Structures are given as C-alpha cells and as structure tokens.
>>> print(open('input22.pdb').read())   # PDB, C-alpha atoms
MODEL        1
ATOM      1  CA  MET A   1       0.000   0.000   0.000
ATOM      2  CA  SER A   2       1.416   3.401  -1.010
ATOM      3  CA  LYS A   3       2.249   5.828   1.778
ATOM      4  CA  ARG A   4       0.184   8.978   2.248
ATOM      5  CA  VAL A   5       2.602  11.890   2.768
ATOM      6  CA  PHE A   6       1.541  15.329   3.982
ATOM      7  CA  ILE A   7       4.078  18.126   3.298
ATOM      8  CA  THR A   8       3.840  21.667   4.651
ATOM      9  CA  GLY A   9       5.761  24.468   2.970
ATOM     10  CA  ALA A  10       5.932  22.600  -0.336
ATOM     11  CA  SER A  11       6.405  25.832  -2.304
ATOM     12  CA  GLY A  12       9.491  26.896  -0.337
ATOM     13  CA  CYS A  13      13.088  26.305  -1.419
ATOM     14  CA  VAL A  14      13.522  22.994   0.432
ATOM     15  CA  GLY A  15       9.881  22.074  -0.200
ATOM     16  CA  HIS A  16      10.364  22.298  -3.969
ATOM     17  CA  TYR A  17      13.313  19.896  -3.986
ATOM     18  CA  LEU A  18      11.586  17.513  -1.590
ATOM     19  CA  THR A  19       8.356  17.477  -3.576
ATOM     20  CA  GLU A  20      10.220  16.878  -6.813
ATOM     21  CA  THR A  21      12.298  13.953  -5.510
ATOM     22  CA  LEU A  22       9.218  12.267  -4.039
ATOM     23  CA  LEU A  23       7.259  12.924  -7.227
ATOM     24  CA  LEU A  24       9.944  11.385  -9.442
ATOM     25  CA  ASN A  25      11.248   8.557  -7.264
ATOM     26  CA  THR A  26       8.269   7.225  -5.314
ATOM     27  CA  ASP A  27       4.640   6.267  -5.753
ATOM     28  CA  TYR A  28       3.618   7.985  -2.516
ATOM     29  CA  GLU A  29       0.315   9.813  -2.413
ATOM     30  CA  LEU A  30       1.327  13.407  -1.801
ATOM     31  CA  PHE A  31      -0.663  16.163  -0.110
ATOM     32  CA  LEU A  32       1.082  19.512  -0.558
ATOM     33  CA  LEU A  33       0.118  22.379   1.728
ATOM     34  CA  VAL A  34       0.999  25.754   0.147
ATOM     35  CA  ARG A  35      -0.096  29.298   0.888
ATOM     36  CA  ASP A  36      -0.006  30.295  -2.791
ATOM     37  CA  ARG A  37      -0.449  27.671  -5.501
ATOM     38  CA  GLN A  38       1.202  29.972  -8.049
ATOM     39  CA  LYS A  39       4.517  29.744  -6.198
ATOM     40  CA  LEU A  40       4.675  25.985  -6.716
ATOM     41  CA  THR A  41       6.636  25.766  -9.981
ATOM     42  CA  ILE A  42       6.781  21.960 -10.186
ATOM     43  CA  ASP A  43       4.448  20.236 -12.643
ATOM     44  CA  VAL A  44       2.519  18.065 -10.197
ATOM     45  CA  SER A  45       0.294  16.703 -12.981
ATOM     46  CA  ARG A  46       3.066  14.454 -14.294
ATOM     47  CA  ARG A  47       1.650  11.554 -12.285
ATOM     48  CA  PRO A  48      -1.541  10.812 -10.335
ATOM     49  CA  GLY A  49      -1.745  10.838  -6.560
ATOM     50  CA  VAL A  50      -0.755  14.458  -5.915
ATOM     51  CA  GLU A  51      -3.115  16.963  -4.303
ATOM     52  CA  VAL A  52      -2.222  20.622  -3.822
ATOM     53  CA  ILE A  53      -3.952  22.200  -0.819
ATOM     54  CA  GLU A  54      -3.940  25.993  -0.873
ATOM     55  CA  ALA A  55      -4.169  27.091   2.755
ATOM     56  CA  ASP A  56      -2.235  28.678   5.579
ATOM     57  CA  MET A  57      -0.882  26.898   8.651
ATOM     58  CA  ALA A  58      -3.341  29.015  10.638
ATOM     59  CA  GLU A  59      -6.092  26.925   9.010
ATOM     60  CA  ILE A  60      -4.645  23.545   9.977
ATOM     61  CA  ASP A  61      -7.749  22.662  12.009
ATOM     62  CA  ARG A  62      -9.638  22.298   8.710
ATOM     63  CA  PHE A  63      -7.574  19.231   7.833
ATOM     64  CA  HIS A  64      -7.973  17.177  11.014
ATOM     65  CA  ASP A  65      -9.820  14.349   9.230
ATOM     66  CA  LEU A  66      -7.219  14.190   6.451
ATOM     67  CA  LEU A  67      -4.344  14.203   8.948
ATOM     68  CA  GLN A  68      -5.862  11.199  10.697
ATOM     69  CA  THR A  69      -5.181   9.205   7.501
ATOM     70  CA  ILE A  70      -1.576  10.349   6.976
ATOM     71  CA  ASP A  71       1.354   7.898   7.177
ATOM     72  CA  ILE A  72       4.188  10.445   6.935
ATOM     73  CA  ALA A  73       4.148  14.156   7.798
ATOM     74  CA  VAL A  74       7.000  16.406   6.671
ATOM     75  CA  LEU A  75       6.921  19.836   8.307
ATOM     76  CA  THR A  76       9.035  22.334   6.375
ATOM     77  CA  ALA A  77       6.714  25.365   6.658
ATOM     78  CA  THR A  78       7.991  28.136   8.906
ATOM     79  CA  ALA A  79       7.477  31.780   9.763
ATOM     80  CA  TRP A  80      10.720  33.733   9.661
ATOM     81  CA  GLY A  81       9.874  36.928  11.496
ATOM     82  CA  GLY A  82       7.471  38.710  13.801
ATOM     83  CA  ALA A  83       6.825  37.601  17.363
ATOM     84  CA  GLU A  84       3.151  36.805  16.817
ATOM     85  CA  ALA A  85       3.559  35.070  13.440
ATOM     86  CA  THR A  86       6.478  32.892  14.525
ATOM     87  CA  GLN A  87       4.764  31.874  17.752
ATOM     88  CA  GLN A  88       1.599  30.925  15.902
ATOM     89  CA  VAL A  89       3.131  29.079  12.942
ATOM     90  CA  ASN A  90       6.289  27.598  14.467
ATOM     91  CA  VAL A  91       4.760  26.485  17.761
ATOM     92  CA  GLN A  92       0.987  26.644  18.143
ATOM     93  CA  GLN A  93      -0.107  25.424  14.710
ATOM     94  CA  VAL A  94       2.632  22.801  14.512
ATOM     95  CA  VAL A  95       1.451  21.362  17.836
ATOM     96  CA  LYS A  96      -2.137  21.318  16.531
ATOM     97  CA  LEU A  97      -1.019  19.511  13.387
ATOM     98  CA  LEU A  98       0.960  16.937  15.364
ATOM     99  CA  ASN A  99      -1.959  16.334  17.697
ATOM    100  CA  SER A 100      -4.206  15.708  14.682
ATOM    101  CA  LEU A 101      -2.060  12.793  13.505
ATOM    102  CA  ASP A 102      -3.064   9.271  14.510
ATOM    103  CA  PRO A 103      -0.136   7.869  16.568
ATOM    104  CA  ASP A 104      -1.233   4.329  15.696
ATOM    105  CA  ARG A 105      -1.235   4.978  11.951
ATOM    106  CA  CYS A 106       1.404   7.658  11.410
ATOM    107  CA  GLN A 107       4.778   6.007  10.843
ATOM    108  CA  GLN A 108       6.943   9.113  11.079
ATOM    109  CA  VAL A 109       6.992  12.896  11.412
ATOM    110  CA  ILE A 110       9.972  14.682   9.894
ATOM    111  CA  TYR A 111      10.194  17.951  11.778
ATOM    112  CA  PHE A 112      12.380  20.718  10.330
ATOM    113  CA  SER A 113      14.253  22.839  12.858
ATOM    114  CA  THR A 114      17.511  24.792  12.479
ATOM    115  CA  GLU A 115      21.121  24.208  13.474
ATOM    116  CA  SER A 116      21.021  27.540  15.324
ATOM    117  CA  VAL A 117      19.265  25.924  18.301
ATOM    118  CA  LEU A 118      22.020  23.329  18.771
ATOM    119  CA  GLY A 119      25.473  23.544  20.311
ATOM    120  CA  HIS A 120      28.591  21.692  19.238
ATOM    121  CA  ASP A 121      27.382  18.520  20.985
ATOM    122  CA  ASN A 122      23.989  18.641  19.188
ATOM    123  CA  GLU A 123      22.205  19.414  22.453
ATOM    124  CA  LEU A 124      19.988  22.479  22.810
ATOM    125  CA  LEU A 125      21.983  25.727  22.945
ATOM    126  CA  PRO A 126      20.624  27.887  25.824
ATOM    127  CA  GLU A 127      21.784  31.106  24.127
ATOM    128  CA  ALA A 128      19.394  30.387  21.268
ATOM    129  CA  ALA A 129      16.490  30.884  23.664
ATOM    130  CA  LEU A 130      18.087  33.930  25.314
ATOM    131  CA  TYR A 131      19.352  35.883  22.296
ATOM    132  CA  GLY A 132      17.821  34.217  19.254
ATOM    133  CA  THR A 133      15.591  35.939  16.736
ATOM    134  CA  ASP A 134      11.841  35.296  16.883
ATOM    135  CA  TYR A 135      12.381  32.460  14.395
ATOM    136  CA  ILE A 136      15.190  30.834  16.379
ATOM    137  CA  ARG A 137      13.480  31.206  19.765
ATOM    138  CA  THR A 138      10.240  29.646  18.519
ATOM    139  CA  LYS A 139      12.132  26.773  16.879
ATOM    140  CA  TYR A 140      13.814  26.208  20.247
ATOM    141  CA  GLN A 141      10.429  26.242  21.955
ATOM    142  CA  GLY A 142       8.928  23.965  19.304
ATOM    143  CA  LEU A 143      11.531  21.298  20.027
ATOM    144  CA  GLN A 144      10.759  21.453  23.720
ATOM    145  CA  GLU A 145       7.066  20.919  22.985
ATOM    146  CA  LEU A 146       7.693  17.700  21.026
ATOM    147  CA  ASP A 147       8.538  15.470  23.974
ATOM    148  CA  SER A 148       5.126  15.908  25.598
ATOM    149  CA  LEU A 149       3.128  14.894  22.506
ATOM    150  CA  ALA A 150       1.649  11.453  21.846
ATOM    151  CA  ILE A 151       3.361  11.386  18.436
ATOM    152  CA  ALA A 152       6.843  12.051  19.946
ATOM    153  CA  PRO A 153       8.124   8.457  19.488
ATOM    154  CA  LYS A 154       7.559   8.847  15.739
ATOM    155  CA  VAL A 155       9.418  12.176  15.343
ATOM    156  CA  THR A 156      12.627  12.620  13.365
ATOM    157  CA  ALA A 157      14.014  16.148  13.843
ATOM    158  CA  VAL A 158      16.322  17.455  11.115
ATOM    159  CA  PHE A 159      18.568  20.472  11.539
ATOM    160  CA  PRO A 160      19.782  21.919   8.226
ATOM    161  CA  THR A 161      22.966  23.965   8.468
ATOM    162  CA  LEU A 162      23.632  26.845   6.000
ATOM    163  CA  VAL A 163      21.062  26.113   3.281
ATOM    164  CA  PHE A 164      21.706  26.884  -0.383
ATOM    165  CA  GLY A 165      19.536  26.058  -3.368
ATOM    166  CA  GLY A 166      17.348  27.358  -6.156
ATOM    167  CA  GLY A 167      17.975  30.232  -8.521
ATOM    168  CA  SER A 168      19.847  28.801 -11.493
ATOM    169  CA  ASP A 169      17.592  25.731 -11.757
ATOM    170  CA  GLY A 170      14.355  27.706 -11.705
ATOM    171  CA  LYS A 171      13.397  26.792  -8.148
ATOM    172  CA  ARG A 172      12.852  29.290  -5.375
ATOM    173  CA  SER A 173      16.192  30.551  -4.048
ATOM    174  CA  SER A 174      17.235  30.195  -0.468
ATOM    175  CA  PHE A 175      18.234  33.380   1.327
ATOM    176  CA  LEU A 176      21.919  32.409   1.183
ATOM    177  CA  THR A 177      21.915  31.517  -2.515
ATOM    178  CA  ALA A 178      20.291  34.875  -3.262
ATOM    179  CA  GLY A 179      23.254  36.537  -1.532
ATOM    180  CA  LEU A 180      26.002  34.550  -3.273
ATOM    181  CA  GLN A 181      26.281  37.122  -6.053
ATOM    182  CA  ASP A 182      27.327  39.778  -3.532
ATOM    183  CA  VAL A 183      29.906  37.445  -1.985
ATOM    184  CA  VAL A 184      31.438  36.780  -5.404
ATOM    185  CA  LYS A 185      31.330  40.492  -6.199
ATOM    186  CA  TRP A 186      33.362  41.353  -3.103
ATOM    187  CA  LEU A 187      35.672  38.318  -3.129
ATOM    188  CA  TRP A 188      38.521  40.451  -4.520
ATOM    189  CA  LEU A 189      38.488  42.275  -1.154
ATOM    190  CA  ILE A 190      37.362  39.445   1.152
ATOM    191  CA  ARG A 191      40.423  37.384   0.188
ATOM    192  CA  PHE A 192      42.712  39.792   2.042
ATOM    193  CA  PHE A 193      41.157  39.021   5.435
ATOM    194  CA  LYS A 194      41.313  35.932   7.616
ATOM    195  CA  GLY A 195      39.138  35.101  10.574
ATOM    196  CA  GLU A 196      38.495  32.435  13.168
ATOM    197  CA  ALA A 197      35.164  30.803  12.298
ATOM    198  CA  SER A 198      33.808  27.547  10.918
ATOM    199  CA  PHE A 199      30.521  26.183   9.648
ATOM    200  CA  HIS A 200      28.726  23.537   7.582
ATOM    201  CA  ILE A 201      26.830  24.007   4.315
ATOM    202  CA  VAL A 202      24.057  21.974   2.725
ATOM    203  CA  HIS A 203      22.184  22.174  -0.561
ATOM    204  CA  ALA A 204      18.406  21.773  -0.593
ATOM    205  CA  TYR A 205      18.786  18.961  -3.152
ATOM    206  CA  ASP A 206      20.823  16.993  -0.599
ATOM    207  CA  ILE A 207      18.316  17.764   2.153
ATOM    208  CA  ALA A 208      15.638  16.265  -0.094
ATOM    209  CA  GLN A 209      17.764  13.160  -0.742
ATOM    210  CA  VAL A 210      18.268  12.558   2.974
ATOM    211  CA  VAL A 211      14.601  13.151   3.815
ATOM    212  CA  ARG A 212      13.511  10.726   1.079
ATOM    213  CA  TYR A 213      15.744   8.087   2.683
ATOM    214  CA  LEU A 214      14.412   8.853   6.168
ATOM    215  CA  ILE A 215      10.814   8.566   4.971
ATOM    216  CA  ALA A 216      11.576   5.060   3.749
ATOM    217  CA  HIS A 217      13.241   4.170   7.066
ATOM    218  CA  PRO A 218      11.001   5.163  10.001
ATOM    219  CA  PRO A 219      12.406   5.258  13.565
ATOM    220  CA  ALA A 220      13.087   1.838  15.051
ATOM    221  CA  GLU A 221      13.237   3.082  18.644
ATOM    222  CA  ALA A 222      11.020   5.386  20.675
ATOM    223  CA  GLY A 223      12.118   8.960  21.245
ATOM    224  CA  VAL A 224      12.883  11.946  19.036
ATOM    225  CA  ARG A 225      15.886  11.174  16.822
ATOM    226  CA  LYS A 226      18.036  14.044  15.518
ATOM    227  CA  PHE A 227      20.050  14.572  12.341
ATOM    228  CA  VAL A 228      22.182  17.640  11.610
ATOM    229  CA  LEU A 229      22.261  18.015   7.824
ATOM    230  CA  GLY A 230      25.435  19.341   6.225
ATOM    231  CA  THR A 231      28.928  18.792   4.885
ATOM    232  CA  PRO A 232      31.901  18.312   7.200
ATOM    233  CA  ALA A 233      32.834  21.585   8.910
ATOM    234  CA  ILE A 234      34.851  24.087   6.917
ATOM    235  CA  THR A 235      36.817  26.992   8.358
ATOM    236  CA  LEU A 236      36.291  30.518   7.090
ATOM    237  CA  ASP A 237      39.884  30.676   5.843
ATOM    238  CA  GLU A 238      39.485  27.442   3.909
ATOM    239  CA  ALA A 239      36.232  28.698   2.412
ATOM    240  CA  VAL A 240      37.981  31.831   1.165
ATOM    241  CA  ARG A 241      40.799  29.736  -0.312
ATOM    242  CA  GLN A 242      38.364  27.413  -2.092
ATOM    243  CA  ALA A 243      36.415  30.363  -3.499
ATOM    244  CA  CYS A 244      39.577  32.064  -4.712
ATOM    245  CA  ASP A 245      40.785  28.852  -6.360
ATOM    246  CA  TYR A 246      37.452  28.506  -8.162
ATOM    247  CA  PHE A 247      37.480  32.064  -9.469
ATOM    248  CA  GLY A 248      41.208  32.221 -10.203
ATOM    249  CA  LEU A 249      42.108  34.840  -7.581
ATOM    250  CA  ARG A 250      45.454  34.835  -5.787
ATOM    251  CA  ILE A 251      45.818  35.595  -2.095
ATOM    252  CA  TRP A 252      48.904  37.767  -1.622
ATOM    253  CA  PHE A 253      48.482  38.472   2.100
ATOM    254  CA  GLN A 254      45.750  38.353   4.757
ATOM    255  CA  ILE A 255      44.864  40.650   7.647
ATOM    256  CA  PRO A 256      43.517  38.912  10.767
ATOM    257  CA  LEU A 257      39.934  39.899  11.559
ATOM    258  CA  THR A 258      40.381  40.675  15.245
ATOM    259  CA  ARG A 259      37.422  41.528  17.470
ATOM    260  CA  GLY A 260      38.552  45.170  17.461
ATOM    261  CA  LEU A 261      38.646  45.279  13.665
ATOM    262  CA  VAL A 262      35.200  43.681  13.437
ATOM    263  CA  ASP A 263      33.829  46.290  15.850
ATOM    264  CA  PHE A 264      35.465  49.010  13.727
ATOM    265  CA  PHE A 265      33.730  47.774  10.558
ATOM    266  CA  ILE A 266      30.396  47.528  12.390
ATOM    267  CA  LYS A 267      30.723  51.145  13.513
ATOM    268  CA  VAL A 268      32.048  52.608  10.247
ATOM    269  CA  PHE A 269      29.449  50.898   8.058
ATOM    270  CA  ARG A 270      26.688  51.488  10.641
ATOM    271  CA  ILE A 271      25.703  47.839  10.710
ATOM    272  CA  GLU A 272      22.673  47.206  12.902
ATOM    273  CA  MET A 273      23.393  44.353  15.309
ATOM    274  CA  THR A 274      20.787  42.293  17.133
ATOM    275  CA  ASP A 275      21.540  40.383  20.323
ATOM    276  CA  TRP A 276      21.802  37.232  18.201
ATOM    277  CA  ASP A 277      24.235  38.917  15.788
ATOM    278  CA  ARG A 278      26.479  39.885  18.708
ATOM    279  CA  PHE A 279      26.342  36.354  20.061
ATOM    280  CA  CYS A 280      27.317  34.952  16.633
ATOM    281  CA  VAL A 281      30.296  37.313  16.366
ATOM    282  CA  ASN A 282      31.617  35.910  19.646
ATOM    283  CA  TYR A 283      30.551  32.265  19.162
ATOM    284  CA  ARG A 284      32.080  31.990  15.663
ATOM    285  CA  HIS A 285      32.183  28.191  15.323
ATOM    286  CA  PHE A 286      28.750  26.922  14.281
ATOM    287  CA  THR A 287      29.801  23.312  14.022
ATOM    288  CA  HIS A 288      28.122  20.122  15.158
ATOM    289  CA  ALA A 289      28.875  16.481  15.872
ATOM    290  CA  ASN A 290      28.276  13.904  13.154
ATOM    291  CA  PRO A 291      26.763  16.011  10.356
ATOM    292  CA  VAL A 292      24.786  13.903   7.884
ATOM    293  CA  SER A 293      24.897  14.051   4.086
ATOM    294  CA  PRO A 294      23.503  11.693   1.427
ATOM    295  CA  ALA A 295      26.832   9.828   1.471
ATOM    296  CA  GLN A 296      25.987   8.329   4.881
ATOM    297  CA  PHE A 297      23.020   6.608   3.256
ATOM    298  CA  GLY A 298      24.788   5.365   0.135
ATOM    299  CA  MET A 299      23.806   8.262  -2.130
ATOM    300  CA  VAL A 300      25.982  10.723  -4.047
ATOM    301  CA  PRO A 301      25.954  14.245  -2.555
ATOM    302  CA  TYR A 302      24.936  17.010  -4.932
ATOM    303  CA  VAL A 303      27.192  19.520  -3.148
ATOM    304  CA  SER A 304      30.262  18.357  -1.214
ATOM    305  CA  ASN A 305      32.322  21.571  -1.234
ATOM    306  CA  LEU A 306      32.263  25.212  -2.291
ATOM    307  CA  ALA A 307      33.353  24.440  -5.858
ATOM    308  CA  ASP A 308      30.271  22.232  -6.226
ATOM    309  CA  LEU A 309      28.131  24.979  -4.698
ATOM    310  CA  PHE A 310      29.359  27.667  -7.081
ATOM    311  CA  ARG A 311      28.968  25.336 -10.058
ATOM    312  CA  VAL A 312      25.359  24.302  -9.330
ATOM    313  CA  SER A 313      24.518  27.928  -8.490
ATOM    314  CA  GLY A 314      25.415  28.982 -12.032
ATOM    315  CA  PHE A 315      28.869  30.529 -11.467
ATOM    316  CA  LYS A 316      31.525  29.613 -14.019
ATOM    317  CA  PRO A 317      35.112  28.995 -12.863
ATOM    318  CA  ARG A 318      37.863  31.286 -14.081
TER     319      ARG A 318
ENDMDL
END
>>> encode(input="input22.pdb", output="structure tokens")
Amino acid sequence: MSKRVFITGASGCVGHYLTETLLLNTDYELFLLVRDRQKLTIDVSRRPGVEVIEADMAEIDRFHDLLQTIDIAVLTATAWGGAEATQQVNVQQVVKLLNSLDPDRCQQVIYFSTESVLGHDNELLPEAALYGTDYIRTKYQGLQELDSLAIAPKVTAVFPTLVFGGGSDGKRSSFLTAGLQDVVKWLWLIRFFKGEASFHIVHAYDIAQVVRYLIAHPPAEAGVRKFVLGTPAITLDEAVRQACDYFGLRIWFQIPLTRGLVDFFIKVFRIEMTDWDRFCVNYRHFTHANPVSPAQFGMVPYVSNLADLFRVSGFKPR
C-alpha cells in the first residue's frame, strides 16, 4: 500500500526539492500544503496521486480528518519573522497539526528545525532561547514541545545547516543563494582578510535526498531522533581559499579579523546588530557532531564543497 505523505511548505526552497524527488522517485500519495499555488513551480500533474492544498498553517484545524489518515508528515513550513507570526506558525499550529495525527497509523513525522538551536554537541543551545531571533526562539520552543506529545516516538528532527539552493535551476532561491552574487562580487576584497570561524553548508537537493531516505526508514526506537544536515565543517579561511581557487584569484596576504577590527567595521558601516548577531560574532564556530549528508546513506551528494556549490549555483570557474 502506497504511503500517504503530507508536506507543509511545499512551495518553499527545500519544499520544492523535496516534492520533486518524491514525485519522481516514489509512488507515494502526496498532499502539498501551500499558501499560494502559483509559487509551486513543479508540474505536479506528471503523475496521479498528488493533491495541492492551498491554505495557511493558521487553518490547519480544517484538515484534522485528512491528517488522521496520513502515514508520513514532513513539516518544512515556517514563519521567519514577527513575534506573533512565529509563535503561531512555528509552535501553536505545529502542535495542533501533530496532535491531529493518529499515533497508531502515522509512521513518522519529519520535523524541520535549524542548526542555530544546537550547540557543538547537538544538544539544545541555551543562548538560542536567550538571544535568538523570533524564528530561532520559537524553533527552540517547538523542540521542547515535542517530547510531551503522543506522536513524539515517531518524530525525526532534522537540523539543516547553512542552506543553499534554487535560482539557477528555476526553483525558489534560499536566502543564502540569493546573496552569493554579492559574496562573489566582493571576493577580490574578502580574500585579504582571515578570521576564526567555521561552519557547515548543505544544498536543498541533498536535504531532499536525505529526507527521502528517512521517509523510507522510520524510527526503530522510541524517542525523538536528531540529524544535523550538512557537509563536514569548513573553516572561514578554507572557504575563502576554495572560493579564490574557483574564481582564479590569488591571495597575496591576509589581515587577521580581530574583534577590534570587526567592531570598527560595524561602527564605520553602521551595521545594525541584534543580540543574536552579537552572540554569533563571539561564538564563531557553528559546528556540530556527526553532520549527515547523502553519502551516509549510500547516495551521491549534490554539493560536497564550495566548488560544487558555485557550479550548481550557475557561477563559471575562471
């Protein structure tokens, strides 16, 4: 019997890639929740068994009966800003949706969070609740709510790192991909600075690959399982070197980005800093234990390094 999969946020960057991979590689019956049908650029008529539901997360109560019949729920929808909107969408309505699922029927919930709520050991980062943006704080709160729900033993929480995707392939761009052009534009200057920082990256195509695998392999043990999605950690200096190699730029010298110099740039360029921004400047290393990519599940990653990222984003090497 084919699985019935309910996906929120199907018209978003990650949602597009996820919908497409499930459409092309499975026979699942798909129910796609989107706020605006026009923003879903995938041709969902290419096979039967796909229903587009145009509605907002605020209306999730309307779909209680449908949710009772769902085998897999994938929750990618999110509100990015505004205290009221993030609290409603990222916490209240998600809890309502999860409570509408039948714990005896539903095999798995794939809950999308963010790496920003986790520390280096993949445990909750207290500073995310103290200093985080409305989005980060409500994602932190949402995770805390999961444990008390009847569906908790079926939950797989995924934590994408720095997400890229869309743009050159016609899909909706992630925020970071939309800003890549500016990074490339200023690389001639960026290359002369070095700083202490490190991070992971992940492409939405690879997120979709991993989620497709997870859907096919529900949790074997009770309790919320967690996966940080991303490449192995890369330092800021290595990222600059890889970018310069790709675009044929030489690095003649580098000036260390000390805290004093960073503060100078913030003041001179009148950069507005939130409490979370200040925390990030001091924290610097957004790295996590055991990041997961498609390779861990026997699949070929779409993006393994910055050269791959620039290539799939439409930038030609020089």
>>> closest_residue(input="input22.pdb", among="A:Asp206, A:Asp102, A:Glu221, A:Asp308", to="Ala243 of chain A", atoms="all atoms listed in the file")
A:Asp308
>>> closest_residue(input="input22.pdb", among="A:Lys96, A:Arg250, A:Lys171, A:Arg212", to="Thr26 of chain A", atoms="only C-alpha atoms")
A:Arg212
>>> closest_residue(input="input22.pdb", among="A:Cys106, A:Val300, A:Leu23, A:Ile234", to="Asp71 of chain A", atoms="all atoms listed in the file")
A:Cys106
>>> residues_around(input="input22.pdb", residues="Thr133 of chain A", least_positions_apart="3", cutoff="8 Å", atoms="all atoms listed in the file", output="list in words")
Gly81, Ile136, Arg137 and Trp276 of chain A
>>> closest_residue(input="input22.pdb", among="A:Glu145, A:Arg284, A:Asp182, A:Val268", to="Ser198 of chain A", atoms="only C-alpha atoms")
A:Arg284
>>> resolve_selection(input="input22.pdb", expression="the PyMOL selection byres ((chain A and resi 3) around 6)", output="PyMOL selection string")
chain A and resi 2+4+28+71
>>> residues_around(input="input22.pdb", residues="Thr274 of chain A", least_positions_apart="3", cutoff="10 Å", atoms="all atoms listed in the file", output="PyMOL selection string")
chain A and resi 131-133+271+277-280
>>> decode(input="input22.pdb", residues="segment 222-241 of chain A", atoms="N, CA, C and O atoms", output="CSV table (one decimal), in the first residue's frame")
chain,number,residue,atom,x,y,z
A,222,ALA,N,11.8,4.3,20.2
A,222,ALA,CA,11.0,5.4,20.7
A,222,ALA,C,11.9,6.6,21.0
A,222,ALA,O,13.1,6.4,21.4
A,223,GLY,N,11.4,7.8,20.9
A,223,GLY,CA,12.1,9.0,21.2
A,223,GLY,C,12.5,9.7,20.0
A,223,GLY,O,12.7,9.2,18.9
A,224,VAL,N,12.6,11.1,20.2
A,224,VAL,CA,12.9,11.9,19.0
A,224,VAL,C,14.3,11.7,18.6
A,224,VAL,O,15.3,11.8,19.4
A,225,ARG,N,14.5,11.3,17.3
A,225,ARG,CA,15.9,11.2,16.8
A,225,ARG,C,16.3,12.4,16.1
A,225,ARG,O,15.4,13.1,15.5
A,226,LYS,N,17.6,12.8,16.1
A,226,LYS,CA,18.0,14.0,15.5
A,226,LYS,C,19.1,13.8,14.5
A,226,LYS,O,20.0,13.0,14.6
A,227,PHE,N,19.0,14.6,13.4
A,227,PHE,CA,20.0,14.6,12.3
A,227,PHE,C,20.4,16.0,12.0
A,227,PHE,O,19.5,16.8,11.6
A,228,VAL,N,21.7,16.4,12.1
A,228,VAL,CA,22.2,17.6,11.6
A,228,VAL,C,22.6,17.4,10.2
A,228,VAL,O,23.3,16.5,9.8
A,229,LEU,N,22.0,18.2,9.2
A,229,LEU,CA,22.3,18.0,7.8
A,229,LEU,C,23.3,19.0,7.3
A,229,LEU,O,23.1,20.2,7.4
A,230,GLY,N,24.4,18.5,6.8
A,230,GLY,CA,25.4,19.3,6.2
A,230,GLY,C,26.7,18.6,5.9
A,230,GLY,O,26.9,17.4,6.2
A,231,THR,N,27.6,19.3,5.2
A,231,THR,CA,28.9,18.8,4.9
A,231,THR,C,29.8,18.8,6.1
A,231,THR,O,29.4,19.4,7.2
A,232,PRO,N,31.0,18.1,6.1
A,232,PRO,CA,31.9,18.3,7.2
A,232,PRO,C,32.2,19.8,7.4
A,232,PRO,O,32.1,20.6,6.4
A,233,ALA,N,32.6,20.2,8.6
A,233,ALA,CA,32.8,21.6,8.9
A,233,ALA,C,34.0,22.1,8.1
A,233,ALA,O,34.9,21.4,7.7
A,234,ILE,N,33.8,23.4,7.7
A,234,ILE,CA,34.9,24.1,6.9
A,234,ILE,C,35.2,25.4,7.6
A,234,ILE,O,34.3,26.1,8.1
A,235,THR,N,36.4,25.7,7.7
A,235,THR,CA,36.8,27.0,8.4
A,235,THR,C,36.6,28.1,7.4
A,235,THR,O,36.5,28.0,6.2
A,236,LEU,N,36.5,29.3,7.9
A,236,LEU,CA,36.3,30.5,7.1
A,236,LEU,C,37.5,30.7,6.2
A,236,LEU,O,37.3,31.0,5.0
A,237,ASP,N,38.7,30.5,6.7
A,237,ASP,CA,39.9,30.7,5.8
A,237,ASP,C,39.9,29.7,4.7
A,237,ASP,O,40.3,30.0,3.6
A,238,GLU,N,39.5,28.4,5.0
A,238,GLU,CA,39.5,27.4,3.9
A,238,GLU,C,38.4,27.8,2.9
A,238,GLU,O,38.6,27.6,1.7
A,239,ALA,N,37.3,28.3,3.3
A,239,ALA,CA,36.2,28.7,2.4
A,239,ALA,C,36.7,29.8,1.5
A,239,ALA,O,36.4,29.8,0.3
A,240,VAL,N,37.4,30.8,2.0
A,240,VAL,CA,38.0,31.8,1.2
A,240,VAL,C,39.0,31.3,0.2
A,240,VAL,O,39.0,31.6,-1.0
A,241,ARG,N,39.8,30.3,0.6
A,241,ARG,CA,40.8,29.7,-0.3
A,241,ARG,C,40.1,29.0,-1.4
A,241,ARG,O,40.5,29.0,-2.6
